[in-house]
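Structure, as C-alpha cells:
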Amino acid sequence: MSDQQAAQEALVQQTIELPSWAFGNSGTRFKVFAQPGVARDPFEKLEDAARVHAFTGVAPRVSLHIPWDRVDDYGKLAAHASDLGVSIGAINSNLFQDDEYRLGSLTHPDAAVRRRAVAHHAECVEVMRATGSTDLKLWLPDGINYPGQDDLRARQERLAESLREIYALLDPEHRLLLEYKFFEPYFYAMDIPDWGTSLVHCLELGERAQVVLDTGHHAPGTNIEFIVMQLVRLGRLGAFDFNSRNYADDDLIVGSADPFQLFRIMHEIVTADVLKPASGINFMLDQCHNIEAKIPGQIRSVMNVQEATAKALLVDRDALRHAQRDGDVLGANAVLMDAYNSDVRPMLADVRASQGLDADPYHAYLRSGHQERIRSERVGGHQAGWGA
Ligand code: PSV
Ligand code: MN
C-alpha cells in the first residue's frame with residue numbers, strides 16, 4: 001500500500017465526536033444569542049448532529065451534557081440516535097450551575113454538598129447504561145478566588161475522596177475522563193488546573209481514569225503537543241476537547257486560530273500510532289457557535305480536524321527519522337513543513353468520494369436547503385441553550 005493509500009485508509013477510519021451543546025443557543029457572559037431554527041430539545045440536537053455526520057461521514061457520536069440533555073426516556077433518545085445513524089458518546093456531568101456550588105462541588109467544605117455532587121454522577125452513570133455510552137466526562141469547575149479562602153491541600157483530599165466514590169459507581173466497561181483547566185470560573189486557584197493534577201488523580205483512581213485535554217484550557221504559549229505526547233506515552237490520554245482559543249476559553253472553531261498547532265498535535269497522534277479508534281482516544285469537539293450557524297460551524301470544524309490529520313499522515317516519517325538521526329535541524333523541520341504546506345483537499349475529496357460523500361461537505365450542506373427547512377419548521381417551543 002502506498003503512503004497516500006495508507007493515509008486515505010486512516011482518514012476513512014477516523015471518527016470525531018460532536019457536542020450536543022454546539023447545537024443549542026450560546027453566547028458569552030454578556031449575551032446569549034438566539035438563532036432561528038435552533039434545536040428545541042435533545043432529540044432535535046441529535047438530528048442536527050446527524051446532519052453533520054451525513055455530510056462528513058466521520059462524526060458518528062454525540063456527547064450529551066446532563067442536565068442540559070435530560071429527557072424522560074434515555075432509551076428512546078438512544079433509539080432516536082440510532083435511527084439517525086449516530087450513537088451517544090460521552091456523558092458530561094455538570095458541577096457549575098447550582099447555587100450550592102459557590103464554594104465548590106466535589107471539593108466543597110461541606111460533606112453534604114459533596115455527597116450531592118457525587119450523587120449527580122450516579123444519575124449520569126444511569127444515563128450511560130440507558131444509552132450505551134462508555135465515557136463519563138467530568139470537568140471540575142471548583143477553585144477559589146482569594147489566597148487563604150480555603151486550604152488548597154484539604155481541597156485536594158476532598159476531591160480525591162469524591163472522585164473515588166464516583167469511580168466506584170462505574171461499570172467495568174466505563175471510563176472516567178477527567179478534564180483540567182487553568183482558570184475560570186475561579187481566578188486564584190483551580191482545583192484541577194493542569195494535566196499533571198488531572199493525571200495524579202487518574203493514576204490514583206485506576207486504569208479506567210484518563211485525562212481529557214481541552215485545547216482551550218492552557219496558558220498562552222503552552223506547548224500542547226508536548227502534553228499530548230506525554231499523556232499518550234503514559235497511556236492516559238482519554239480524549240480531546242477540540243476548539244480554538246485566542247485569549248481565554250474561547251470555544252471557537254478548532255483549527256481557526258492556529259491550524260499549525262492542530263497539525264502539530266495530530267503529528268504527535270500519528271507518530272504514536274493512536275489515531276485509530278481502537279486506541280481509545282476520543283477525538284471530541286467542545287465548541288459553541290455563538291454568532292455563526294451551528295450545523296455548518298460543526299461541519300467546518302470536522303473538516304479542519306480532517307485536514308490537520310491528513311497533513312500529519314503525509315509527514316515523510318523515514319525522511320524525518322533520518323534527518324533527526326543525522327542532526328539535520330533544518331532538514332527535519334523541512335519535512336514537517338512540507339507536510340503542513342501540502343494541499344490535502346484533493347486527497348480528502350477522494351476519501352469522501354470513496355464513501356459516496358460530496359467532496360465539499362460545507363457547501364453541500366449549504367446547498368441542501370436543510371438550514372432553511374429547520375428555520376421554517378422549528379417555530380414555537382423553547383430553544384435549547386445553556387441551562388436548558
Ligand atoms: C469547560 O470550560 C468545558 O470545556 C467542559 O468541557 C464542559 O463540559 C464544557 O466546557 C461545556 O460546558
Ligand atoms: Mn471542554
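As shown in the C-alpha cells, the chain order sets the letters A, B, ...; within each chain, residues go from 1, and ligands are also counted from 1 in the order they appear.
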Closest-contact table, chain A side, partner ligand 2, 10 Å, counting only C-alpha atoms and all ligand atoms, as a tab-separated table:
residue	atom	partner	partner_atom_place_in_ligand_line	distance
A:Pro19	CA	ligand 2	1 (Mn)	9.7
A:Asn92	CA	ligand 2	1 (Mn)	9.5
A:Lys137	CA	ligand 2	1 (Mn)	9.3
A:Leu138	CA	ligand 2	1 (Mn)	9.1
A:Trp139	CA	ligand 2	1 (Mn)	7.1
A:Leu178	CA	ligand 2	1 (Mn)	9.9
A:Glu179	CA	ligand 2	1 (Mn)	6.9
A:Tyr180	CA	ligand 2	1 (Mn)	8.3
A:Lys181	CA	ligand 2	1 (Mn)	8.4
A:Val212	CA	ligand 2	1 (Mn)	7.9
A:Leu213	CA	ligand 2	1 (Mn)	7.7
A:Asp214	CA	ligand 2	1 (Mn)	5.0
A:Thr215	CA	ligand 2	1 (Mn)	8.0
A:Gly216	CA	ligand 2	1 (Mn)	7.6
A:His217	CA	ligand 2	1 (Mn)	7.7
A:Phe240	CA	ligand 2	1 (Mn)	8.1
A:Asp241	CA	ligand 2	1 (Mn)	5.0
A:Phe242	CA	ligand 2	1 (Mn)	7.7
A:Asn243	CA	ligand 2	1 (Mn)	8.5
A:Asp249	CA	ligand 2	1 (Mn)	8.8
A:Asp251	CA	ligand 2	1 (Mn)	8.4
A:Met284	CA	ligand 2	1 (Mn)	9.1
A:Leu285	CA	ligand 2	1 (Mn)	8.1
A:Asp286	CA	ligand 2	1 (Mn)	5.3
A:Gln287	CA	ligand 2	1 (Mn)	8.0
Next, dump the selected residues to file, keeping only C-alpha atoms, as an mmCIF file, in the first residue's frame.
data_model
loop_
_atom_site.group_PDB
_atom_site.id
_atom_site.type_symbol
_atom_site.label_atom_id
_atom_site.label_comp_id
_atom_site.auth_asym_id
_atom_site.auth_seq_id
_atom_site.Cartn_x
_atom_site.Cartn_y
_atom_site.Cartn_z
ATOM 1 C CA PRO A 19 -21.038 18.042 21.464
ATOM 2 C CA ASN A 92 -20.770 15.132 30.637
ATOM 3 C CA LYS A 137 -16.642 13.051 31.378
ATOM 4 C CA LEU A 138 -16.036 15.300 34.284
ATOM 5 C CA TRP A 139 -14.869 18.870 34.219
ATOM 6 C CA LEU A 178 -11.082 13.968 33.794
ATOM 7 C CA GLU A 179 -10.623 17.420 32.316
ATOM 8 C CA TYR A 180 -8.390 20.245 33.583
ATOM 9 C CA LYS A 181 -8.479 23.999 33.127
ATOM 10 C CA VAL A 212 -9.153 14.954 28.792
ATOM 11 C CA LEU A 213 -7.148 17.613 27.013
ATOM 12 C CA ASP A 214 -9.252 20.633 26.077
ATOM 13 C CA THR A 215 -7.153 22.698 23.680
ATOM 14 C CA GLY A 216 -8.630 25.915 25.130
ATOM 15 C CA HIS A 217 -7.596 25.214 28.710
ATOM 16 C CA PHE A 240 -9.582 15.663 23.362
ATOM 17 C CA ASP A 241 -11.972 18.559 23.640
ATOM 18 C CA PHE A 242 -11.022 20.338 20.433
ATOM 19 C CA ASN A 243 -11.625 24.050 19.944
ATOM 20 C CA ASP A 249 -11.542 29.559 26.857
ATOM 21 C CA ASP A 251 -14.537 27.715 22.345
ATOM 22 C CA MET A 284 -14.279 15.237 20.580
ATOM 23 C CA LEU A 285 -15.227 18.798 19.790
ATOM 24 C CA ASP A 286 -16.140 21.163 22.639
ATOM 25 C CA GLN A 287 -17.298 24.326 20.934
#
(request) Would you list the contacts of region 116-128 of chain A as a ChimeraX atom specification, taking every protein, DNA or RNA residue within 7 Å and counting only C-alpha atoms, but skipping same-chain residues closer than 6 positions in sequence? (result) /A:66,74,91,93,95,105-106,134,162,166,169-170
I need the residues from that last selection saved to file as a short mmCIF file (atom, residue, chain, number, x, y, z; two decimals), in the first residue's frame (with N, CA, C and O atoms), if you can.
data_model
loop_
_atom_site.label_atom_id
_atom_site.label_comp_id
_atom_site.auth_asym_id
_atom_site.auth_seq_id
_atom_site.Cartn_x
_atom_site.Cartn_y
_atom_site.Cartn_z
N ILE A 66 -25.48 16.54 31.01
CA ILE A 66 -26.60 16.39 31.96
C ILE A 66 -26.44 17.47 33.04
O ILE A 66 -25.35 17.56 33.63
N TYR A 74 -34.29 7.79 28.26
CA TYR A 74 -32.98 7.80 27.56
C TYR A 74 -32.88 6.67 26.54
O TYR A 74 -32.14 6.78 25.56
N ILE A 91 -20.90 11.12 28.33
CA ILE A 91 -21.90 11.81 29.15
C ILE A 91 -21.14 12.79 30.05
O ILE A 91 -20.31 12.39 30.87
N SER A 93 -20.99 15.46 33.02
CA SER A 93 -21.72 15.91 34.21
C SER A 93 -21.63 17.43 34.30
O SER A 93 -20.86 18.05 33.57
N LEU A 95 -21.19 20.46 37.14
CA LEU A 95 -20.93 20.82 38.54
C LEU A 95 -20.82 22.33 38.68
O LEU A 95 -20.21 22.83 39.62
N SER A 105 -17.79 21.98 44.47
CA SER A 105 -18.72 20.85 44.38
C SER A 105 -18.06 19.61 45.00
O SER A 105 -18.26 19.34 46.17
N LEU A 106 -17.22 18.95 44.25
CA LEU A 106 -16.55 17.75 44.78
C LEU A 106 -15.51 18.10 45.85
O LEU A 106 -15.00 17.23 46.54
N THR A 134 -19.96 4.83 27.10
CA THR A 134 -18.93 4.23 27.96
C THR A 134 -18.04 5.27 28.63
O THR A 134 -17.16 4.92 29.40
N SER A 162 -13.97 12.26 46.72
CA SER A 162 -15.17 12.33 45.87
C SER A 162 -14.95 11.55 44.57
O SER A 162 -15.85 10.83 44.11
N ILE A 166 -17.01 8.38 42.87
CA ILE A 166 -17.58 8.40 41.51
C ILE A 166 -17.04 7.21 40.71
O ILE A 166 -17.79 6.51 40.03
N LEU A 169 -18.75 4.02 41.12
CA LEU A 169 -20.09 3.89 40.53
C LEU A 169 -20.05 3.26 39.13
O LEU A 169 -21.06 2.79 38.61
N LEU A 170 -18.86 3.27 38.51
CA LEU A 170 -18.76 2.85 37.10
C LEU A 170 -18.87 1.34 36.92
O LEU A 170 -18.45 0.58 37.78
#
(request) Quick one: pick out all alpha helix (DSSP H) residues within region 142-311 of chain A from a backbone DSSP run and write them as a PyMOL selection string. (result) chain A and resi 152-169+195-205+224-233+259-271+294-311
(message) Could you check the closest approach to Ser87 (chain A) for each of A:Gln230, A:Asn25, A:Asn223, A:Ser63 and tell me which residue wins, using only C-alpha atoms?
(response)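 The shortest atom-to-atom distance to Ser87 (chain A) comes from A:Ser63.
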(message) Need the shell around Ala272 (chain A): protein/DNA/RNA residues with any atom at most 9 Å away, counting only C-alpha atoms. Skip same-chain ones fewer than 4 positions apart. Format as a PyMOL selection string?
(response) chain A and resi 229+232-233+267-268
